[in-house]
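Novice: My structure file work-v6.tsv, TSV, C-alpha atoms, is below:
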```tsv
chain	number	residue	atom	x	y	z
D	176	MET	CA	-7.68	-30.41	32.20
D	177	ASN	CA	-8.49	-27.12	30.48
D	178	MET	CA	-5.35	-25.03	30.01
D	179	LEU	CA	-7.15	-22.12	28.34
D	180	ALA	CA	-9.62	-19.40	29.19
D	181	ASP	CA	-13.13	-20.41	28.17
D	182	ALA	CA	-13.41	-17.83	25.40
D	183	VAL	CA	-10.02	-18.76	23.95
D	184	ALA	CA	-10.82	-22.47	24.09
D	185	GLU	CA	-14.06	-21.83	22.22
D	186	ASN	CA	-12.33	-19.77	19.54
D	187	VAL	CA	-9.56	-22.34	19.10
D	188	GLY	CA	-12.27	-24.92	18.59
D	189	ARG	CA	-13.93	-22.83	15.92
D	190	GLY	CA	-10.62	-21.80	14.44
D	191	SER	CA	-10.16	-19.82	11.25
D	192	MET	CA	-11.51	-21.48	8.12
D	193	ILE	CA	-8.94	-19.55	6.10
D	194	ARG	CA	-6.00	-20.94	8.05
D	195	ALA	CA	-7.56	-24.39	8.21
D	196	MET	CA	-7.75	-24.58	4.42
D	197	PHE	CA	-4.23	-23.16	4.10
D	198	GLU	CA	-2.89	-25.86	6.44
D	199	ALA	CA	-4.89	-28.55	4.63
D	200	GLY	CA	-3.27	-27.33	1.44
D	201	ALA	CA	0.20	-27.89	2.88
D	202	ILE	CA	-0.71	-31.52	3.51
D	203	LEU	CA	-2.15	-31.98	0.02
D	204	LYS	CA	0.95	-30.47	-1.55
D	205	LYS	CA	3.14	-32.99	0.28
D	206	GLN	CA	0.92	-35.81	-0.93
D	207	HIS	CA	0.39	-34.73	-4.54
D	208	GLY	CA	3.15	-32.19	-5.23
D	209	GLU	CA	3.12	-28.40	-5.36
D	210	GLU	CA	2.06	-28.20	-9.00
D	211	ALA	CA	-0.96	-30.46	-8.53
D	212	VAL	CA	-2.68	-28.31	-5.88
D	213	CYS	CA	-4.41	-25.05	-6.84
D	214	ASP	CA	-4.41	-23.02	-3.63
D	215	PHE	CA	-6.77	-20.04	-3.47
D	216	SER	CA	-7.20	-20.14	0.30
D	217	LEU	CA	-4.97	-17.41	1.73
D	218	GLY	CA	-4.66	-13.80	0.61
D	219	ASN	CA	-0.87	-13.91	0.67
D	220	PRO	CA	0.40	-11.60	-2.11
D	221	ASP	CA	2.97	-13.32	-4.31
D	222	LEU	CA	4.22	-10.30	-6.27
D	223	PRO	CA	7.69	-8.98	-5.34
D	224	PRO	CA	7.82	-5.65	-3.53
D	225	PRO	CA	8.64	-2.54	-5.60
D	226	ASP	CA	12.37	-1.96	-6.20
D	227	ILE	CA	12.44	0.91	-3.69
D	228	VAL	CA	11.89	-1.61	-0.89
D	229	ALA	CA	15.07	-3.55	-1.65
D	230	ARG	CA	17.08	-0.35	-2.01
D	231	THR	CA	15.79	0.95	1.32
D	232	LEU	CA	16.55	-2.36	3.03
D	233	ARG	CA	20.16	-2.06	1.90
D	234	GLU	CA	20.31	1.52	3.22
D	235	VAL	CA	18.89	0.44	6.57
D	236	ALA	CA	21.44	-2.38	6.74
D	237	ASP	CA	24.27	0.06	6.02
D	238	ARG	CA	23.14	2.23	8.94
D	239	ALA	CA	22.54	-0.63	11.35
D	240	GLY	CA	25.91	-0.09	13.04
D	241	GLU	CA	25.01	3.43	14.14
D	242	PRO	CA	23.88	4.03	17.75
D	243	PHE	CA	20.10	3.61	18.20
D	244	ALA	CA	19.62	2.82	14.51
D	245	LEU	CA	17.29	0.01	15.55
D	246	GLY	CA	16.39	1.33	18.98
D	247	TYR	CA	13.27	2.36	20.84
D	248	MET	CA	11.12	5.19	19.53
D	249	PRO	CA	7.97	7.11	20.54
D	250	ASN	CA	5.02	4.74	20.85
D	251	ALA	CA	3.16	6.39	17.98
D	252	GLY	CA	6.06	5.87	15.58
D	253	LEU	CA	9.10	7.70	14.25
D	254	PRO	CA	8.24	11.43	14.05
D	255	ASP	CA	9.64	11.88	10.54
D	256	VAL	CA	7.71	8.83	9.30
D	257	ARG	CA	4.49	10.14	10.84
D	258	GLU	CA	5.01	13.47	9.12
D	259	ALA	CA	5.75	11.88	5.75
D	260	LEU	CA	2.73	9.60	6.03
D	261	ALA	CA	0.51	12.53	7.03
D	262	ARG	CA	1.57	14.45	3.90
D	263	HIS	CA	0.82	11.43	1.75
D	264	LEU	CA	-2.58	10.84	3.34
D	265	SER	CA	-3.50	14.52	3.07
D	266	VAL	CA	-3.43	14.14	-0.70
D	267	GLU	CA	-5.13	10.74	-0.70
D	268	GLN	CA	-7.91	11.75	1.70
D	269	GLY	CA	-8.42	15.29	0.43
D	270	ILE	CA	-8.01	16.88	3.86
D	271	ALA	CA	-4.94	18.26	5.65
D	272	LEU	CA	-3.45	15.91	8.25
D	273	ALA	CA	-0.57	16.56	10.62
D	274	GLY	CA	1.92	14.02	11.90
D	275	GLU	CA	0.06	14.07	15.22
D	276	ASP	CA	-3.00	12.65	13.45
D	277	VAL	CA	-1.17	9.47	12.41
D	278	LEU	CA	0.01	6.46	14.42
D	279	LEU	CA	2.15	3.58	13.09
D	280	THR	CA	0.93	0.11	14.04
D	281	CYS	CA	1.76	-3.57	13.66
D	282	GLY	CA	-0.30	-4.00	10.52
D	283	ALA	CA	-3.94	-3.09	10.01
D	284	ALA	CA	-4.92	-5.89	12.40
D	285	GLY	CA	-2.80	-4.30	15.11
D	286	GLY	CA	-4.34	-0.93	14.28
D	287	LEU	CA	-7.89	-2.25	14.67
D	288	ASN	CA	-7.02	-3.88	17.98
D	289	VAL	CA	-5.46	-0.65	19.24
D	290	LEU	CA	-8.52	1.36	18.22
D	291	LEU	CA	-11.01	-1.06	19.77
D	292	ARG	CA	-9.04	-1.28	23.01
D	293	ALA	CA	-8.89	2.50	23.23
D	294	VAL	CA	-12.62	3.19	22.77
D	295	LEU	CA	-14.60	0.11	23.86
D	296	ASN	CA	-16.06	-0.64	27.25
D	297	PRO	CA	-17.31	-4.13	28.15
D	298	GLY	CA	-20.82	-4.54	26.76
D	299	ASP	CA	-20.31	-2.12	23.87
D	300	GLU	CA	-21.14	-3.26	20.35
D	301	VAL	CA	-19.09	-3.38	17.15
D	302	LEU	CA	-20.89	-3.61	13.80
D	303	ALA	CA	-19.66	-4.62	10.35
D	304	PRO	CA	-21.43	-5.25	7.04
D	305	ALA	CA	-21.48	-8.94	6.16
D	306	PRO	CA	-19.73	-10.71	4.55
D	307	CYS	CA	-16.67	-9.50	6.45
D	308	PHE	CA	-13.24	-10.50	7.69
D	309	VAL	CA	-13.74	-13.21	10.31
D	310	GLU	CA	-11.27	-11.89	12.86
D	311	TYR	CA	-13.22	-8.68	13.56
D	312	GLY	CA	-15.31	-10.68	16.02
D	313	PHE	CA	-12.24	-11.92	17.87
D	314	TYR	CA	-10.88	-8.38	18.15
D	315	ALA	CA	-14.14	-7.12	19.68
D	316	ALA	CA	-14.42	-10.08	22.05
D	317	GLY	CA	-10.93	-9.34	23.33
D	318	CYS	CA	-12.27	-6.03	24.61
D	319	GLY	CA	-15.38	-7.57	26.18
D	320	ALA	CA	-17.55	-6.17	23.39
D	321	LEU	CA	-20.23	-7.82	21.28
D	322	PHE	CA	-19.64	-8.14	17.55
D	323	ARG	CA	-22.68	-8.07	15.25
D	324	THR	CA	-22.93	-8.21	11.49
D	325	VAL	CA	-25.31	-6.16	9.35
D	326	PRO	CA	-26.62	-7.64	6.09
D	327	THR	CA	-25.65	-6.06	2.79
D	328	ARG	CA	-27.81	-6.01	-0.32
D	329	PRO	CA	-28.17	-9.50	-1.85
D	330	GLY	CA	-26.23	-10.07	-5.03
D	331	THR	CA	-24.33	-6.77	-4.96
D	332	PHE	CA	-22.98	-6.74	-1.38
D	333	SER	CA	-23.48	-2.97	-1.31
D	334	LEU	CA	-24.37	-1.22	1.95
D	335	ASP	CA	-27.94	-1.49	3.19
D	336	ILE	CA	-28.37	1.77	5.09
D	337	ASP	CA	-31.80	0.75	6.39
D	338	ALA	CA	-30.27	-2.41	7.86
D	339	VAL	CA	-27.54	-0.34	9.52
D	340	ASP	CA	-30.18	2.02	10.91
D	341	ALA	CA	-32.03	-0.93	12.44
D	342	ALA	CA	-28.82	-2.43	13.87
D	343	VAL	CA	-27.39	0.64	15.62
D	344	THR	CA	-28.29	0.87	19.30
D	345	ALA	CA	-27.24	2.97	22.28
D	346	ARG	CA	-24.47	0.42	22.86
D	347	THR	CA	-23.00	0.73	19.36
D	348	ARG	CA	-19.53	2.23	19.65
D	349	VAL	CA	-17.69	1.24	16.45
D	350	MET	CA	-18.68	0.32	12.93
D	351	ILE	CA	-16.05	-1.25	10.69
D	352	VAL	CA	-16.26	-0.94	6.91
D	353	ASN	CA	-13.80	-2.69	4.61
D	354	SER	CA	-13.63	-1.32	1.07
D	355	PRO	CA	-12.41	-2.74	-1.26
D	356	ASN	CA	-13.93	-5.65	0.55
D	357	ASN	CA	-12.52	-8.96	1.66
D	358	PRO	CA	-14.11	-11.37	0.69
D	359	THR	CA	-16.50	-9.91	-1.92
D	360	GLY	CA	-14.29	-7.51	-3.90
D	361	GLN	CA	-17.02	-4.87	-3.64
D	362	VAL	CA	-16.14	-1.16	-3.40
D	363	TYR	CA	-18.63	1.00	-1.50
D	364	GLY	CA	-19.79	4.04	-3.44
D	365	ARG	CA	-19.73	7.72	-2.56
D	366	GLU	CA	-23.49	8.05	-2.04
D	367	GLU	CA	-23.87	5.02	0.21
D	368	LEU	CA	-20.90	6.08	2.34
D	369	ALA	CA	-22.29	9.63	2.60
D	370	ALA	CA	-25.59	8.15	3.78
D	371	LEU	CA	-23.75	5.98	6.31
D	372	CYS	CA	-21.84	8.97	7.69
D	373	ALA	CA	-25.03	11.01	7.99
D	374	LEU	CA	-26.73	8.15	9.82
D	375	LEU	CA	-23.86	7.64	12.26
D	376	ARG	CA	-23.64	11.38	12.90
D	377	GLU	CA	-27.35	11.47	13.78
D	378	LYS	CA	-27.05	8.38	15.99
D	379	SER	CA	-23.99	9.79	17.77
D	380	GLU	CA	-25.91	12.95	18.61
D	381	ARG	CA	-28.97	11.00	19.70
D	382	PHE	CA	-27.06	8.68	22.03
D	383	GLY	CA	-24.70	11.34	23.34
D	384	ARG	CA	-21.38	9.67	22.47
D	385	PRO	CA	-19.35	9.14	19.29
D	386	ILE	CA	-19.88	6.11	17.11
D	387	PHE	CA	-16.50	5.56	15.48
D	388	LEU	CA	-16.35	4.58	11.82
D	389	ALA	CA	-13.24	2.45	11.24
D	390	SER	CA	-12.39	2.33	7.55
D	391	ASP	CA	-10.27	-0.78	6.99
D	392	GLU	CA	-8.45	-0.02	3.72
D	393	PRO	CA	-5.45	-2.27	2.97
D	394	TYR	CA	-6.79	-2.81	-0.56
D	395	ARG	CA	-7.42	0.88	-1.36
D	396	PHE	CA	-4.72	0.84	-4.06
D	397	LEU	CA	-6.18	-2.22	-5.81
D	398	VAL	CA	-9.27	-1.25	-7.83
D	399	TYR	CA	-10.35	-1.99	-11.38
D	400	ASP	CA	-12.36	-0.46	-14.22
D	401	GLY	CA	-12.11	3.10	-12.90
D	402	ALA	CA	-13.59	2.31	-9.47
D	403	GLU	CA	-13.12	4.99	-6.79
D	404	VAL	CA	-12.54	4.47	-3.08
D	405	PRO	CA	-14.12	7.59	-1.52
D	406	PRO	CA	-12.17	8.95	1.47
D	407	LEU	CA	-14.01	9.03	4.79
D	408	LEU	CA	-11.81	11.32	6.90
D	409	PRO	CA	-13.28	14.51	5.33
D	410	ARG	CA	-16.85	13.20	5.69
D	411	TYR	CA	-17.18	12.18	9.32
D	412	PRO	CA	-15.45	13.54	12.43
D	413	TYR	CA	-15.28	10.14	14.12
D	414	ALA	CA	-13.82	8.34	11.09
D	415	VAL	CA	-10.58	6.47	11.70
D	416	LEU	CA	-8.57	5.23	8.73
D	417	VAL	CA	-6.96	1.84	9.33
D	418	SER	CA	-4.60	0.46	6.74
D	419	SER	CA	-1.32	-1.27	6.03
D	420	PHE	CA	1.38	-1.76	3.42
D	421	SER	CA	0.98	-5.54	3.42
D	422	LYS	CA	-0.78	-5.72	0.07
D	423	SER	CA	0.34	-2.55	-1.74
D	424	LEU	CA	4.05	-3.22	-1.12
D	425	SER	CA	3.79	-7.03	-0.71
D	426	LEU	CA	5.05	-6.79	2.88
D	427	PRO	CA	2.54	-8.87	4.88
D	428	GLY	CA	5.25	-10.47	7.01
D	429	GLU	CA	6.74	-7.12	8.02
D	430	ARG	CA	3.52	-6.15	9.86
D	431	ILE	CA	3.52	-2.42	9.17
D	432	GLY	CA	0.28	-0.43	9.22
D	433	TYR	CA	-1.20	2.77	10.55
D	434	LEU	CA	-4.17	4.64	11.97
D	435	ALA	CA	-5.16	8.14	10.88
D	436	LEU	CA	-7.73	10.35	12.62
D	437	SER	CA	-10.09	12.79	10.98
D	438	PRO	CA	-8.94	16.41	11.50
D	439	LEU	CA	-12.65	17.22	11.98
D	440	ALA	CA	-12.62	15.55	15.40
D	441	GLU	CA	-12.45	18.17	18.16
D	442	HIS	CA	-10.85	15.96	20.80
D	443	ARG	CA	-8.55	13.91	18.62
D	444	LYS	CA	-5.48	14.59	20.80
D	445	GLN	CA	-7.18	12.78	23.64
D	446	LEU	CA	-7.99	9.91	21.29
D	447	MET	CA	-4.45	9.81	19.91
D	448	ASP	CA	-2.99	9.73	23.43
D	449	GLY	CA	-5.19	6.73	24.18
D	450	LEU	CA	-4.22	5.01	20.95
D	451	ALA	CA	-0.51	5.51	21.67
D	452	LEU	CA	-0.98	4.07	25.15
D	453	CYS	CA	-2.76	1.00	23.78
D	454	ASN	CA	-0.12	0.62	21.08
D	455	ARG	CA	2.32	0.02	23.93
D	456	THR	CA	0.24	-1.80	26.51
D	457	LEU	CA	-1.21	-4.36	24.11
D	458	GLY	CA	2.34	-5.62	23.76
D	459	PHE	CA	3.10	-4.26	20.31
D	460	VAL	CA	5.20	-1.45	21.92
D	461	ASN	CA	5.48	0.15	18.48
D	462	ALA	CA	5.52	-0.77	14.81
D	463	PRO	CA	8.76	-2.37	13.53
D	464	ILE	CA	11.38	0.27	12.83
D	465	VAL	CA	12.55	-1.41	9.60
D	466	GLY	CA	8.97	-1.52	8.36
D	467	GLN	CA	8.51	2.15	9.14
D	468	ARG	CA	11.60	3.05	7.13
D	469	LEU	CA	10.44	0.90	4.21
D	470	ALA	CA	6.95	2.40	4.26
D	471	ALA	CA	8.19	5.98	4.40
D	472	ALA	CA	10.56	5.45	1.48
D	473	ALA	CA	7.92	3.72	-0.65
D	474	LEU	CA	4.95	6.04	-0.08
D	475	GLY	CA	2.97	6.19	-3.31
D	476	ALA	CA	4.64	3.09	-4.78
D	477	SER	CA	2.84	-0.21	-5.26
D	478	VAL	CA	3.09	-3.58	-6.90
D	479	ASP	CA	1.95	-3.88	-10.52
D	480	ILE	CA	-1.86	-3.63	-10.42
D	481	ALA	CA	-2.12	-4.74	-14.06
D	482	ILE	CA	-1.00	-8.23	-13.03
D	483	TYR	CA	-3.88	-8.54	-10.57
D	484	ARG	CA	-6.29	-7.25	-13.22
D	485	ARG	CA	-5.20	-9.97	-15.64
D	486	ARG	CA	-5.63	-12.58	-12.92
D	487	ARG	CA	-9.08	-11.27	-12.09
D	488	ASP	CA	-10.11	-11.53	-15.73
D	489	ALA	CA	-8.66	-15.03	-16.03
D	490	MET	CA	-10.54	-16.22	-12.94
D	491	ALA	CA	-13.76	-14.57	-14.15
D	492	ALA	CA	-13.43	-16.40	-17.47
D	493	ALA	CA	-12.91	-19.75	-15.72
D	494	LEU	CA	-15.88	-19.26	-13.41
D	495	ARG	CA	-18.12	-17.98	-16.19
D	496	ASP	CA	-17.25	-20.91	-18.44
D	497	ALA	CA	-18.06	-23.36	-15.64
D	498	GLY	CA	-21.46	-21.77	-14.94
D	499	TYR	CA	-20.91	-20.06	-11.58
D	500	THR	CA	-22.90	-17.03	-10.45
D	501	PHE	CA	-20.64	-14.28	-9.12
D	502	LEU	CA	-20.09	-10.55	-8.73
D	503	LEU	CA	-17.13	-9.32	-10.75
D	504	PRO	CA	-14.75	-7.84	-8.14
D	505	ARG	CA	-14.25	-4.09	-8.37
D	506	GLY	CA	-11.25	-4.23	-6.05
D	507	ALA	CA	-8.96	-6.42	-3.89
D	508	PHE	CA	-8.00	-9.92	-5.09
D	509	TYR	CA	-10.94	-12.12	-4.14
D	510	PHE	CA	-13.93	-13.71	-5.84
D	511	PHE	CA	-16.99	-14.65	-3.78
D	512	PRO	CA	-19.16	-16.85	-6.01
D	513	GLU	CA	-22.37	-18.56	-5.01
D	514	ALA	CA	-21.76	-22.13	-3.89
D	515	PRO	CA	-23.60	-24.54	-6.21
D	516	GLY	CA	-26.18	-26.40	-4.18
D	517	GLY	CA	-26.15	-23.74	-1.46
D	518	ASP	CA	-23.96	-25.63	1.04
D	519	ASP	CA	-20.69	-23.73	0.98
D	520	ALA	CA	-18.80	-26.09	3.32
D	521	ALA	CA	-19.83	-29.16	1.32
D	522	PHE	CA	-18.92	-27.53	-1.97
D	523	VAL	CA	-15.50	-26.44	-0.71
D	524	GLU	CA	-14.90	-30.06	0.31
D	525	ARG	CA	-15.84	-31.14	-3.20
D	526	LEU	CA	-13.33	-28.65	-4.61
D	527	ARG	CA	-10.69	-29.98	-2.25
D	528	SER	CA	-11.27	-33.49	-3.58
D	529	HIS	CA	-10.21	-32.03	-6.93
D	530	LEU	CA	-7.15	-30.38	-5.30
D	531	VAL	CA	-8.61	-26.87	-5.47
D	532	LEU	CA	-8.51	-24.98	-2.16
D	533	ALA	CA	-11.14	-22.34	-1.38
D	534	VAL	CA	-12.71	-21.03	1.84
D	535	PRO	CA	-16.39	-21.45	2.78
D	536	GLY	CA	-18.33	-18.22	2.89
D	537	SER	CA	-19.59	-19.15	6.34
D	538	GLY	CA	-16.16	-18.16	7.61
D	539	PHE	CA	-16.95	-14.59	6.55
D	540	ALA	CA	-20.57	-14.50	7.77
D	541	GLY	CA	-21.55	-15.18	4.16
D	542	PRO	CA	-23.04	-18.68	4.02
D	543	GLY	CA	-23.94	-20.00	0.60
D	544	TYR	CA	-20.81	-18.53	-1.03
D	545	PHE	CA	-17.13	-19.41	-1.16
D	546	ARG	CA	-13.98	-17.32	-1.47
D	547	LEU	CA	-11.18	-17.66	-3.99
D	548	ALA	CA	-8.03	-15.55	-3.45
D	549	TYR	CA	-6.48	-14.95	-6.86
D	550	CYS	CA	-3.13	-13.58	-5.68
D	551	VAL	CA	-1.52	-16.51	-7.50
D	552	ASP	CA	0.14	-17.01	-10.86
D	553	GLU	CA	-2.19	-17.14	-13.85
D	554	LYS	CA	-0.95	-20.65	-14.54
D	555	VAL	CA	-2.55	-21.80	-11.29
D	556	ILE	CA	-5.87	-20.32	-12.41
D	557	GLU	CA	-5.55	-22.06	-15.77
D	558	ARG	CA	-4.79	-25.41	-14.07
D	559	ALA	CA	-7.77	-24.97	-11.75
D	560	ALA	CA	-10.30	-24.22	-14.51
D	561	PRO	CA	-11.11	-27.85	-15.40
D	562	ALA	CA	-11.51	-28.78	-11.72
D	563	LEU	CA	-13.79	-25.80	-11.08
D	564	LYS	CA	-15.92	-26.87	-14.02
D	565	LYS	CA	-16.02	-30.50	-12.94
D	566	ALA	CA	-16.99	-29.67	-9.35
D	567	PHE	CA	-19.82	-27.46	-10.59
D	568	ALA	CA	-21.10	-30.17	-12.94
D	569	GLU	CA	-20.92	-32.85	-10.24
D	570	THR	CA	-22.94	-30.72	-7.82
D	571	ALA	CA	-25.55	-29.92	-10.47
D	572	ALA	CA	-25.91	-33.61	-11.25
D	573	ALA	CA	-26.17	-34.71	-7.61
```
Is it possible to give me this structure as structure tokens?

Specialist:
Amino acid sequence: MNMLADAVAENVGRGSMIRAMFEAGAILKKQHGEEAVCDFSLGNPDLPPPDIVARTLREVADRAGEPFALGYMPNAGLPDVREALARHLSVEQGIALAGEDVLLTCGAAGGLNVLLRAVLNPGDEVLAPAPCFVEYGFYAAGCGALFRTVPTRPGTFSLDIDAVDAAVTARTRVMIVNSPNNPTGQVYGREELAALCALLREKSERFGRPIFLASDEPYRFLVYDGAEVPPLLPRYPYAVLVSSFSKSLSLPGERIGYLALSPLAEHRKQLMDGLALCNRTLGFVNAPIVGQRLAAAALGASVDIAIYRRRRDAMAAALRDAGYTFLLPRGAFYFFPEAPGGDDAAFVERLRSHLVLAVPGSGFAGPGYFRLAYCVDEKVIERAAPALKKAFAETAAA
């Protein structure tokens, strides 16, 4: 007897490769001990939040006895938090935003779902450059839309504007870009993003309706070697910034994120009204009030980026020594090396036999690669180095 809707049953069957490896890791750790397993499967930041977070939590706790301290609020978020976030984003994005341009959400994932629900009709299309975060497809399917990936340039994972041009149709309603990128660590450059905005502007005019450009940016703060994350809100009227504080403040469990609309959009009040409605009717109701207070107090703060840089360099050294081919990440905390032998699922299984947990690139629409999340202690990377080298050598010898 089937207890589920057909689409849900299918997706449960496919599952998430990221979560599957994470759960497999829990079993291995019970069998072999925590120290024996090198788990690079889940992008779960291990650094403690900045000190301001703990101080603000204590302040919120001290005020918890006041009437409505933890009560309902406007669906778009606390007005003072929206205003503070708008001031912060005005500097970051290089364009003046008002509180009415910002909506607090249950993480970036909640923000993307709110946006897609607000603008998609059944049969519309959502595009994203591949490799990409696997759950984008589930979000689109929940709105009755079709999710399609667009290839990036081989080896560099940079945007292929010609491929985007060929992929956009009259049904295209949203394109999602994620920079710094999960899983590749690539950061899209100013020129390629300008070309993308120009293309989407021309296509929007041709097809007579906006094509929204959702910029998924939870890793904006985490870049290396002087890399820049160009803002999109000043460059395209239908740009929507989607982000969260999960990585920058190490608050993934608090589920606090936001959407911000480009001030260039003429009818953004109508869009914001729709977003606020969906923020409520999707069941989120509004973003957690404690998370909103934490985010507002910690605007501009972040975890220590230098720690992630050292981890990146340690992982690069281990992979380079073992013989892997990879792009050095310019941002985020992921490596996406080529899978020796070309079969990413088989190679990840080989790594698992050596108690190293990775995720097949197929789970990100990037077959032939595998992902390593290096938001772990450097000691874990050091312990994994011999196993990474051995797995590579075994595959080469097979």

Novice: With a distance cut-off of 7 Å and only C-alpha atoms, select the neighbouring residues of region 333-343 of chain D, excluding the residue or stretch itself and same-chain residues fewer than 4 positions from it, and output the selection as a PyMOL selection string.

Specialist: chain D and resi 325-328+347+363+367+371

Novice: Just to confirm, what's the straight-line distance from CA of Tyr509 (chain D) to CA of Arg546 (chain D) in Å (one decimal)?

Specialist: 6.6 Å

Novice: Counting all atoms listed in the file, what is within 8 Å of Asp391 (chain D), bar same-chain residues fewer than 6 positions away, as a list in words?

Specialist: Ala283, Ile351, Val352, Asn353, Ser354, Leu416, Val417 and Ser418 of chain D

Novice: Residues at most 8 Å from Ala472 (chain D), counting all atoms listed in the file, excluding those fewer than 3 positions away in the same chain, as a ChimeraX atom specification?

Specialist: /D:227-228,231,468-469

Novice: Need to verify the contact set: Leu563 (chain D), 9 Å, only C-alpha atoms, exclusion of same-chain residues closer than 3 positions in sequence. Can you return it as a PyMOL selection string?

Specialist: chain D and resi 493-494+497+526+529+531+559-560+566-568

Novice: Do a neighbour search on region 397-403 of chain D at 9 Å with only C-alpha atoms, toss out local chain neighbours closer than 6 positions, and write the hits as a PyMOL selection string.

Specialist: chain D and resi 355+360+362-365+422-423+480+483-484+504-508

Novice: Would you please work out which residue, of D:Ile464, D:Leu408, D:Val212, D:Val534, is nearest to Gly269 (chain D) when using all atoms listed in the file?

Specialist: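 Residue with the minimum atom-to-atom distance to Gly269 (chain D): D:Leu408.
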
Novice: As JSON, please report the centre and edge lengths, rounded to one decimal in Å, of the axis-aligned box that holds all listed atoms of region 333-340 of chain D with 6 Å of padding on each of the six sides.

Specialist:
```
{"center_x": -27.6, "center_y": -0.5, "center_z": 4.8, "size_x": 20.3, "size_y": 17.0, "size_z": 24.2}
```

Novice: May I ask for the distance between CA of Ala182 (chain D) and CA of Asn357 (chain D), given in Å to one decimal place?

Specialist: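 Interatomic distance here is 25.4 Å.
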
Novice: Name the residues within 9 Å of (-1.3, -3.3, 5.5), counting only C-alpha atoms in the file's coordinates, and put them as a ChimeraX atom specification.

Specialist: /D:281-284,392-394,417-427,430-433

Novice: Report, in Å to a single decimal, how far apart CA of Glu513 (chain D) and CA of Gly543 (chain D) are.

Specialist: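 Taking CA of Gly543 (chain D) and CA of Glu513 (chain D), their separation equals 6.0 Å.
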